[in-house]
Amino acid sequence: MLAPRPQALSDPRLDIEIVEVHCIRGPGRWTYRPVLEAVVDIGGLEDYPSNRIPGLPERLEQWLPGLIEHRCSYGERGGFLRRLKEGTWPAHILEHVCVELQALAGAPYAGFGRARETSTPGVYRVVVRAFQEETARAALTAARDLVMAAIEDRPFDVAGTVAELRALNDEHYLGPSTESIVLAADDRSIPFVRLNDGNLVQLGYGSAQHRIWTAETDRTSAIAEGISRDKDLTKELLHSCGVPVPEGRPVADAEDAWAAALEVGLPVVVKPSDGNHGRGVFTNLVSRDEVLAAWQVAREEGSGVIVERFVHGNEHRLLVVGGKVAAATRGEPAHVVGDGRSTVSELIDLQLNSHPLRGSTEDCPLNFVRIDSSARIELARQGFDADSIPPAGTRLLIQRNGNVSIDVTDELHPEVAAMAALAADVVGLDIAGIDLVAEDISRPLGEQRGAIVEVNAGPGLLMHLRPAVGQPRPVGEAIVDHLFPEGADGRIPIVGVAGTRSGARIAALTAALLRGGDRRIGLANADGLFVEGRRIFEGDAAHWAEGRRLLTNRFVDCAVVENGARAIVSEGLAYDRCSVGVVASLERNAQIREFDVLTPEQMYAVLRTQIDVVLEGGAAVLDAADPTIAGMAALCDGETVFYACTPRGDACIEAHVREGGRAVRIEQGRIALRAASSVEYVGDDDVFGALFGTESLEDLLPAIAAAWAAGASAQRIAERLATLARPIPVVVDATA
């Protein structure tokens with residue numbers, strides 16, 4: 001019987017209400033990673049911290065033992081549980097429970113969370129990591145229900161909730177093969193963009209990108225993939241290049257299949273000419289009846305049938321990436337042992353399918369064993385069927401070639417590895433799964449009559465990532481290294497422009513100054529989306545979605561993106577890091593009330609995001625005349641290029657230049673690009689002020705500084721300024 005709720009908590013107004021939820025998909029004021037930001041109203045529960053609710057800490061610890069790993073503000077294991085006992089508020093508890101539920105659901109990077117009071121008493125902003133948005137949203141709702149059940153001392157089905165969240169995460173999250181590649185790219189700081197709800201992912205930005213779809217890449221030839229599906233053509237090509245393959249040929253009908261079997265010599269293999277995943281493949285056939293029966297099934301699985309020599313030994317799968325073998329696994333026959341009571345079907349479930357690594361989901365390296373046509377032939381050969389009860393101790397072969405999931409990479413003979421790489425190259429695949437049969441993978445194929453039996457495009461990686469036996473192999477890293485050799489990071493130069501007043505003009509001027517060279521310039525600002533000056537989207541493009549559209553465009557070599565304060569706080573930046581970050585204004589009275597950004601300090605925390613994400617080799621462009629903005633230089637991982645439109649910034653600039661820095665300012669009526677030991681002039685401020693009409697130096701100077709920081713030379717900037725300032729000629733139609 002449940003203990004009665006404390007009288008104070010019987011009031012239905014004592015509840016946790018999730019008022020609204022935003023997904024911030026890029027770097028923002030909280031963190032660099034995507035997060036959910038929820039406005040949470042705990043109402044009267046503001047008066048009931050956890051130490052005032054009997055049994056609450058104990059219930060939470062019992063339901064979610066993993067909370068002991070949450071370090072919280074104490075920075076040590078068990079820190080959050082300590083906070084629970086000392087007293088903390090329901091919004092903070094909600095944050096930690098949501099984080100833990102995501103971790104239990106299998107979401108990576110689930111450890112980040114924040115709970116912050118707003119200006120309204122009892123209302124908080126709860127922020128949690130959202131690597132997979134659907135999972136994070138469901139976990140937030142489930143966390144609210146769990147916390148309320150713990151507060152009210154009601155039962156809660158934790159296991160069922162976690163199972164539902166895990167199923168949701170499995171449905172929407174990347175498959176394990178794709179995930180391994182994405183995480184490997186992330187480890188190398190190569191950005192990634194998910195392009196659909198499946199496993200199509202872009203690695204890198206703009207023209208530096210590559211695309212993957214599971215274990216296929218944008219370097220995977222469609223012709224090569226077509227060849228790999230044609231088993232007979234693949235064999236012919238391999239044989240012509242000296243790769244050992246089993247003798248055999250396509251057959252027209254069942255009788256021709258038997259004739260081919262006699263030609264190559266028994267035992268034989270019968271398989272579809274264009275099948276996959278082992279469907280319709282029959283091995284070690286030794287009689288006419290077996291061959292005829294196998295032909296019938298194989299014909300239904302593909303457009304043709306092949307009969308070839310049976311190669312003695314175990315099946316192996318070698319993963320070739322970029323001309324090198326990255327991993328190798330071996331299969332073993334699947335057996336059951338009779339107990340004198342159970343049928344063959346029951347023995348398969350008891351002895352094989354009960355293995356924890358077997359399952360039907362993508363994260364199981366071993367498939368369930370089924371009694372298919374091939375298994376029925378094997379059983380009949382031994383005098384049994386699925387319903388037979390073998391005598392105790394009788395060992396029955398169910399599958400001659402079971403799941404290929406025993407790692408043998410370290411046993412691989414160099415000649416075998418070279419032959420596998422040659423096979424992939426002959427077919428034309430950059431990533432290939434090479435199926436070969438050999439008795440001993442540590443010996444050359446020729447001396448044991450081993451052979452390569454198939455070359456597969458888009459091979460599964462799970463057998464190498466989570467082998468049933470042996471060491472996992474870093475195949476995701478191998479694919480990333482293949483696409484991005486050492487020194488390549490998939491990045492293009494990105495200039496981000498932020499401030500409390502519109503940065504549209506600064507962004508447009510920066511893009512204009514960068515044009516004209518060998519780089520194609522993209523621009524996303526409040527005026528639209530542009531590539532090389534051509535508008536491809538009309539409307540306000542100073543938002544996350546349009547910025548991402550620019551970065552997925554293969555024809556963009558350099559991107560300029562406007563980021564208003566509201567966009568940063570509500571959506572986040574469209575990129576993870578940038579080459580140049582510009583903060584051009586921080587008005588003291590600027591506010592974003594609906595996001596509780598009310599003070600200059602809070603606005604500073606928003607705008608500093610643009611500088612926080614500057615790469616180590618990049619630059620911050622900051623107004624030297626504004627001490628608050630100039631102080632952001634300390635946040636930048638790269639250099640700082642100061643600019644100043646008034647003499648108020650001179651002292652800052654002079655000190656900066658003496659220390660080896662760069663700056664842009666007005667010197668005796670000229671626009672100067674100053675470095676420690678040099679100065680170059682790109683124009684006259686009065687002239688350019690007149691030519692640009694109402695355009696002020698407050699827009700022009702940060703644009704010049706940004707273009708300079710992004711690699712444009714002083715000469716190039718001067719030429720582009722002259723081009724921009726040149727009047728448009730009037731063309732008179734002579735025929736009018």
# chains A, B, ... in the order shown; residues from 1 in each chain; ligands from 1

call {"tool": "closest_atom_pairs", "arguments": {"of": "segment 112-176 of chain A", "to": "segment 67-83 of chain A", "cutoff": "12 Å", "atoms": "only C-alpha atoms", "output": "JSON lines"}}
result
{"residue": "A:Phe112", "atom": "CA", "partner": "A:His70", "partner_atom": "CA", "distance": 10.0}
{"residue": "A:Gly113", "atom": "CA", "partner": "A:Cys72", "partner_atom": "CA", "distance": 9.3}
{"residue": "A:Arg114", "atom": "CA", "partner": "A:Cys72", "partner_atom": "CA", "distance": 9.7}
{"residue": "A:Ala115", "atom": "CA", "partner": "A:Cys72", "partner_atom": "CA", "distance": 11.2}

call {"tool": "select_by_dssp", "arguments": {"residues": "segment 210-429 of chain A", "states": "strand (DSSP E or B)", "output": "PyMOL selection string"}}
result
chain A and resi 210-213+216-217+248-251+268-272+282-285+305-309+314-321+324-331+334-337+358+366+395-399+404-407

call {"tool": "residues_around", "arguments": {"residues": "Glu654 of chain A", "least_positions_apart": "4", "cutoff": "10 Å", "atoms": "only C-alpha atoms", "output": "PyMOL selection string"}}
result
chain A and resi 649-650+658-659+661-663+674-676

call {"tool": "residues_around", "arguments": {"residues": "Pro27 of chain A", "least_positions_apart": "3", "cutoff": "7 Å", "atoms": "only C-alpha atoms", "output": "VMD selection string"}}
result
chain A and resid 31 to 34 572 to 573 576 609

call {"tool": "write_last_selection", "arguments": {"atoms": "all heavy atoms", "output": "mmCIF file, in the first residue's frame"}}
result
data_model
loop_
_atom_site.group_PDB
_atom_site.id
_atom_site.type_symbol
_atom_site.label_atom_id
_atom_site.label_comp_id
_atom_site.auth_asym_id
_atom_site.auth_seq_id
_atom_site.Cartn_x
_atom_site.Cartn_y
_atom_site.Cartn_z
ATOM 1 N N THR A 31 25.266 26.074 -25.358
ATOM 2 C CA THR A 31 26.306 25.116 -25.706
ATOM 3 C C THR A 31 26.485 25.099 -27.213
ATOM 4 O O THR A 31 25.682 25.682 -27.956
ATOM 5 C CB THR A 31 25.951 23.699 -25.200
ATOM 6 O OG1 THR A 31 27.004 22.784 -25.522
ATOM 7 C CG2 THR A 31 24.662 23.200 -25.824
ATOM 8 N N TYR A 32 27.547 24.415 -27.692
ATOM 9 C CA TYR A 32 27.782 24.303 -29.126
ATOM 10 C C TYR A 32 26.857 23.290 -29.791
ATOM 11 O O TYR A 32 26.673 23.322 -31.008
ATOM 12 C CB TYR A 32 29.228 23.856 -29.406
ATOM 13 C CG TYR A 32 30.309 24.814 -28.963
ATOM 14 C CD1 TYR A 32 31.616 24.368 -28.761
ATOM 15 C CD2 TYR A 32 30.052 26.162 -28.767
ATOM 16 C CE1 TYR A 32 32.627 25.236 -28.371
ATOM 17 C CE2 TYR A 32 31.048 27.036 -28.378
ATOM 18 C CZ TYR A 32 32.335 26.565 -28.174
ATOM 19 O OH TYR A 32 33.329 27.429 -27.792
ATOM 20 N N ARG A 33 26.314 22.361 -29.018
ATOM 21 C CA ARG A 33 25.550 21.247 -29.578
ATOM 22 C C ARG A 33 24.050 21.554 -29.619
ATOM 23 O O ARG A 33 23.569 22.392 -28.866
ATOM 24 C CB ARG A 33 25.774 19.989 -28.721
ATOM 25 C CG ARG A 33 27.229 19.564 -28.588
ATOM 26 C CD ARG A 33 27.710 18.843 -29.818
ATOM 27 N NE ARG A 33 29.040 18.270 -29.636
ATOM 28 C CZ ARG A 33 29.634 17.500 -30.534
ATOM 29 N NH1 ARG A 33 29.027 17.219 -31.662
ATOM 30 N NH2 ARG A 33 30.839 17.004 -30.324
ATOM 31 N N PRO A 34 23.274 20.851 -30.464
ATOM 32 C CA PRO A 34 21.825 21.041 -30.482
ATOM 33 C C PRO A 34 21.204 20.704 -29.119
ATOM 34 O O PRO A 34 21.585 19.723 -28.479
ATOM 35 C CB PRO A 34 21.345 20.055 -31.548
ATOM 36 C CG PRO A 34 22.529 19.855 -32.443
ATOM 37 C CD PRO A 34 23.721 19.923 -31.535
ATOM 38 N N GLY A 572 19.954 29.047 -32.929
ATOM 39 C CA GLY A 572 21.356 28.684 -32.950
ATOM 40 C C GLY A 572 21.978 28.985 -34.300
ATOM 41 O O GLY A 572 21.299 29.309 -35.285
ATOM 42 N N LEU A 573 23.292 28.901 -34.361
ATOM 43 C CA LEU A 573 24.021 29.136 -35.602
ATOM 44 C C LEU A 573 23.833 27.965 -36.556
ATOM 45 O O LEU A 573 23.672 26.818 -36.128
ATOM 46 C CB LEU A 573 25.506 29.342 -35.318
ATOM 47 C CG LEU A 573 25.877 30.491 -34.371
ATOM 48 C CD1 LEU A 573 27.371 30.481 -34.105
ATOM 49 C CD2 LEU A 573 25.433 31.828 -34.943
ATOM 50 N N ASP A 576 28.807 24.774 -37.038
ATOM 51 C CA ASP A 576 29.389 24.464 -35.727
ATOM 52 C C ASP A 576 30.577 25.371 -35.406
ATOM 53 O O ASP A 576 30.762 25.787 -34.268
ATOM 54 C CB ASP A 576 29.810 22.995 -35.659
ATOM 55 C CG ASP A 576 30.917 22.651 -36.643
ATOM 56 O OD1 ASP A 576 30.955 23.260 -37.734
ATOM 57 O OD2 ASP A 576 31.739 21.765 -36.322
ATOM 58 N N THR A 609 28.475 34.004 -28.578
ATOM 59 C CA THR A 609 28.436 32.721 -29.290
ATOM 60 C C THR A 609 29.183 32.810 -30.608
ATOM 61 O O THR A 609 29.896 31.879 -30.999
ATOM 62 C CB THR A 609 26.972 32.305 -29.544
ATOM 63 O OG1 THR A 609 26.275 32.258 -28.301
ATOM 64 C CG2 THR A 609 26.898 30.957 -30.225
#

call {"tool": "residues_around", "arguments": {"residues": "Asp623 of chain A", "least_positions_apart": "2", "cutoff": "12 Å", "atoms": "only C-alpha atoms", "output": "short mmCIF file (atom, residue, chain, number, x, y, z; two decimals) with N, CA, C and O atoms, in the first residue's frame"}}
result
data_model
loop_
_atom_site.label_atom_id
_atom_site.label_comp_id
_atom_site.auth_asym_id
_atom_site.auth_seq_id
_atom_site.Cartn_x
_atom_site.Cartn_y
_atom_site.Cartn_z
N ALA A 498 27.32 39.01 -36.57
CA ALA A 498 26.32 39.11 -35.51
C ALA A 498 26.29 40.52 -34.95
O ALA A 498 27.24 41.30 -35.09
N GLY A 499 25.21 40.84 -34.27
CA GLY A 499 25.05 42.13 -33.63
C GLY A 499 23.61 42.35 -33.25
O GLY A 499 22.72 41.58 -33.63
N GLY A 581 34.44 35.48 -37.25
CA GLY A 581 33.26 35.87 -36.52
C GLY A 581 33.26 37.38 -36.30
O GLY A 581 34.24 37.93 -35.78
N VAL A 582 32.18 38.03 -36.70
CA VAL A 582 32.07 39.48 -36.58
C VAL A 582 30.99 39.82 -35.56
O VAL A 582 29.86 39.32 -35.66
N VAL A 583 31.32 40.63 -34.57
CA VAL A 583 30.32 41.23 -33.69
C VAL A 583 30.44 42.73 -33.85
O VAL A 583 31.44 43.33 -33.46
N ALA A 584 29.41 43.34 -34.45
CA ALA A 584 29.52 44.73 -34.86
C ALA A 584 28.74 45.70 -33.99
O ALA A 584 28.94 46.91 -34.11
N SER A 585 27.84 45.20 -33.16
CA SER A 585 27.06 46.12 -32.34
C SER A 585 26.48 45.39 -31.14
O SER A 585 26.12 44.22 -31.23
N LEU A 586 26.41 46.13 -30.03
CA LEU A 586 25.79 45.61 -28.81
C LEU A 586 25.09 46.79 -28.13
O LEU A 586 25.65 47.45 -27.27
N ALA A 620 38.46 36.81 -35.03
CA ALA A 620 37.32 37.59 -34.58
C ALA A 620 37.49 39.01 -35.11
O ALA A 620 38.59 39.58 -35.05
N VAL A 621 36.42 39.58 -35.63
CA VAL A 621 36.42 40.97 -36.08
C VAL A 621 35.56 41.76 -35.11
O VAL A 621 34.35 41.52 -35.01
N ALA A 625 36.19 50.43 -30.67
CA ALA A 625 35.65 51.61 -29.98
C ALA A 625 34.64 51.25 -28.90
O ALA A 625 34.26 52.12 -28.11
N ASP A 626 34.19 50.00 -28.87
CA ASP A 626 33.24 49.55 -27.84
C ASP A 626 33.98 48.60 -26.91
O ASP A 626 34.29 47.47 -27.28
N PRO A 627 34.29 49.04 -25.68
CA PRO A 627 35.09 48.19 -24.77
C PRO A 627 34.47 46.82 -24.51
O PRO A 627 35.19 45.83 -24.35
N THR A 628 33.12 46.75 -24.47
CA THR A 628 32.48 45.46 -24.21
C THR A 628 32.70 44.51 -25.36
O THR A 628 33.06 43.33 -25.17
N ILE A 629 32.50 44.99 -26.58
CA ILE A 629 32.74 44.14 -27.75
C ILE A 629 34.22 43.82 -27.88
O ILE A 629 34.60 42.67 -28.13
N ALA A 630 35.07 44.81 -27.69
CA ALA A 630 36.52 44.57 -27.80
C ALA A 630 36.99 43.51 -26.81
O ALA A 630 37.89 42.73 -27.09
N GLY A 631 36.33 43.45 -25.65
CA GLY A 631 36.71 42.47 -24.65
C GLY A 631 36.44 41.04 -25.07
O GLY A 631 36.97 40.10 -24.45
N MET A 632 35.62 40.84 -26.10
CA MET A 632 35.36 39.49 -26.59
C MET A 632 36.59 38.85 -27.21
O MET A 632 36.61 37.64 -27.45
N ALA A 633 37.61 39.65 -27.47
CA ALA A 633 38.84 39.09 -28.05
C ALA A 633 39.41 37.97 -27.20
O ALA A 633 39.99 37.01 -27.71
N THR A 640 42.54 38.25 -33.50
CA THR A 640 41.53 39.30 -33.52
C THR A 640 41.95 40.38 -34.50
O THR A 640 43.11 40.80 -34.52
N VAL A 641 41.00 40.80 -35.34
CA VAL A 641 41.20 41.95 -36.21
C VAL A 641 40.24 43.03 -35.72
O VAL A 641 39.03 42.89 -35.82
N PHE A 642 40.80 44.07 -35.15
CA PHE A 642 39.98 45.18 -34.66
C PHE A 642 39.68 46.16 -35.79
O PHE A 642 40.44 46.28 -36.76
N TYR A 643 38.58 46.86 -35.65
CA TYR A 643 38.30 47.99 -36.53
C TYR A 643 37.73 49.12 -35.67
O TYR A 643 37.23 48.88 -34.55
N ALA A 644 37.82 50.34 -36.15
CA ALA A 644 37.27 51.48 -35.44
C ALA A 644 36.87 52.55 -36.44
O ALA A 644 37.65 52.89 -37.33
N CYS A 645 35.64 53.03 -36.26
CA CYS A 645 35.14 54.09 -37.13
C CYS A 645 35.39 55.47 -36.54
O CYS A 645 35.21 56.48 -37.23
N THR A 646 35.77 55.52 -35.27
CA THR A 646 36.02 56.80 -34.59
C THR A 646 37.34 56.72 -33.84
O THR A 646 37.85 55.61 -33.56
N PRO A 647 37.88 57.85 -33.45
CA PRO A 647 39.14 57.84 -32.69
C PRO A 647 39.03 57.16 -31.33
O PRO A 647 40.07 56.88 -30.71
N ARG A 648 37.81 56.86 -30.87
CA ARG A 648 37.67 56.20 -29.56
C ARG A 648 38.35 54.84 -29.53
O ARG A 648 38.70 54.35 -28.46
N GLY A 649 38.52 54.24 -30.68
CA GLY A 649 39.16 52.93 -30.72
C GLY A 649 40.65 52.97 -30.96
O GLY A 649 41.30 51.91 -31.00
N ASP A 650 41.23 54.16 -31.10
CA ASP A 650 42.65 54.25 -31.48
C ASP A 650 43.57 53.62 -30.44
O ASP A 650 44.53 52.91 -30.80
N CYS A 652 43.06 51.25 -28.28
CA CYS A 652 42.97 49.78 -28.35
C CYS A 652 43.70 49.25 -29.58
O CYS A 652 44.46 48.27 -29.49
N ILE A 653 43.49 49.90 -30.71
CA ILE A 653 44.12 49.44 -31.95
C ILE A 653 45.63 49.57 -31.89
O ILE A 653 46.37 48.66 -32.28
N ALA A 663 44.47 45.51 -37.77
CA ALA A 663 43.35 46.41 -37.50
C ALA A 663 43.01 47.20 -38.76
O ALA A 663 43.85 47.38 -39.65
N VAL A 664 41.77 47.68 -38.80
CA VAL A 664 41.28 48.53 -39.89
C VAL A 664 40.73 49.80 -39.25
O VAL A 664 39.92 49.74 -38.32
N ARG A 665 41.16 50.94 -39.76
CA ARG A 665 40.67 52.20 -39.21
C ARG A 665 40.86 53.31 -40.24
O ARG A 665 41.43 53.10 -41.32
N LEU A 697 30.37 54.16 -42.42
CA LEU A 697 31.58 53.39 -42.16
C LEU A 697 31.35 52.30 -41.13
O LEU A 697 32.11 51.34 -41.07
N GLU A 698 30.29 52.41 -40.33
CA GLU A 698 29.99 51.37 -39.35
C GLU A 698 29.65 50.05 -40.01
O GLU A 698 29.75 48.99 -39.38
N ASP A 699 29.23 50.09 -41.26
CA ASP A 699 28.99 48.86 -42.02
C ASP A 699 30.19 48.51 -42.90
O ASP A 699 30.54 47.34 -43.05
N LEU A 701 33.58 49.36 -42.63
CA LEU A 701 34.84 48.95 -42.02
C LEU A 701 34.81 47.52 -41.49
O LEU A 701 35.77 46.77 -41.70
N PRO A 702 33.76 47.07 -40.78
CA PRO A 702 33.76 45.66 -40.37
C PRO A 702 33.73 44.70 -41.55
O PRO A 702 34.31 43.61 -41.48
N ALA A 703 33.09 45.10 -42.66
CA ALA A 703 33.09 44.25 -43.85
C ALA A 703 34.49 44.14 -44.43
O ALA A 703 34.94 43.06 -44.83
N ALA A 705 37.29 44.54 -42.77
CA ALA A 705 38.08 43.74 -41.81
C ALA A 705 37.77 42.26 -41.96
O ALA A 705 38.66 41.40 -41.89
N ALA A 706 36.48 41.93 -42.16
CA ALA A 706 36.08 40.52 -42.30
C ALA A 706 36.66 39.92 -43.57
O ALA A 706 37.15 38.78 -43.58
#

call {"tool": "closest_residue", "arguments": {"among": "A:Ala418, A:Leu445, A:Val281, A:Leu200", "to": "Ser177 of chain A", "atoms": "only C-alpha atoms"}}
result
A:Leu200

call {"tool": "closest_residue", "arguments": {"among": "A:Gly265, A:Pro333, A:Gly470, A:Gly242", "to": "Glu378 of chain A", "atoms": "only C-alpha atoms"}}
result
A:Pro333

call {"tool": "closest_residue", "arguments": {"among": "A:Asp15, A:Asp41, A:Asp435, A:Glu46", "to": "Val404 of chain A", "atoms": "only C-alpha atoms"}}
result
A:Asp435

call {"tool": "residues_around", "arguments": {"residues": "segment 252-256 of chain A", "least_positions_apart": "4", "cutoff": "12 Å", "atoms": "only C-alpha atoms", "output": "JSON, numbers by chain"}}
result
{"A": [248, 260, 261, 262, 263, 270, 272, 273, 288, 289, 290, 291, 292, 293, 294, 295, 296, 297, 298, 299, 303, 304, 305, 306, 307]}

call {"tool": "write_last_selection", "arguments": {"atoms": "C-alpha atoms", "output": "compact mmCIF listing (two decimals), in the first residue's frame"}}
result
# COMPACT_ATOMS: atom_id res chain seq x y z
CA GLY A 248 30.88 -22.23 -62.70
CA ALA A 260 26.65 -27.50 -64.85
CA ALA A 261 27.10 -29.27 -61.52
CA LEU A 262 28.54 -32.27 -63.30
CA GLU A 263 30.82 -30.03 -65.34
CA VAL A 270 23.55 -22.86 -56.36
CA PRO A 272 20.86 -16.27 -57.59
CA SER A 273 22.95 -14.36 -60.11
CA ARG A 288 20.66 -34.19 -58.37
CA ASP A 289 17.58 -33.76 -56.17
CA GLU A 290 19.37 -31.18 -54.04
CA VAL A 291 20.52 -29.21 -57.09
CA LEU A 292 17.06 -29.22 -58.68
CA ALA A 293 15.37 -28.12 -55.46
CA ALA A 294 17.95 -25.39 -54.88
CA TRP A 295 17.54 -24.11 -58.44
CA GLN A 296 13.81 -23.62 -57.90
CA VAL A 297 14.32 -21.46 -54.80
CA ALA A 298 17.31 -19.51 -56.22
CA ARG A 299 15.31 -18.67 -59.35
CA SER A 303 16.67 -12.86 -62.22
CA GLY A 304 18.97 -15.80 -62.92
CA VAL A 305 20.81 -18.71 -61.32
CA ILE A 306 24.50 -19.61 -61.12
CA VAL A 307 26.02 -23.01 -60.37
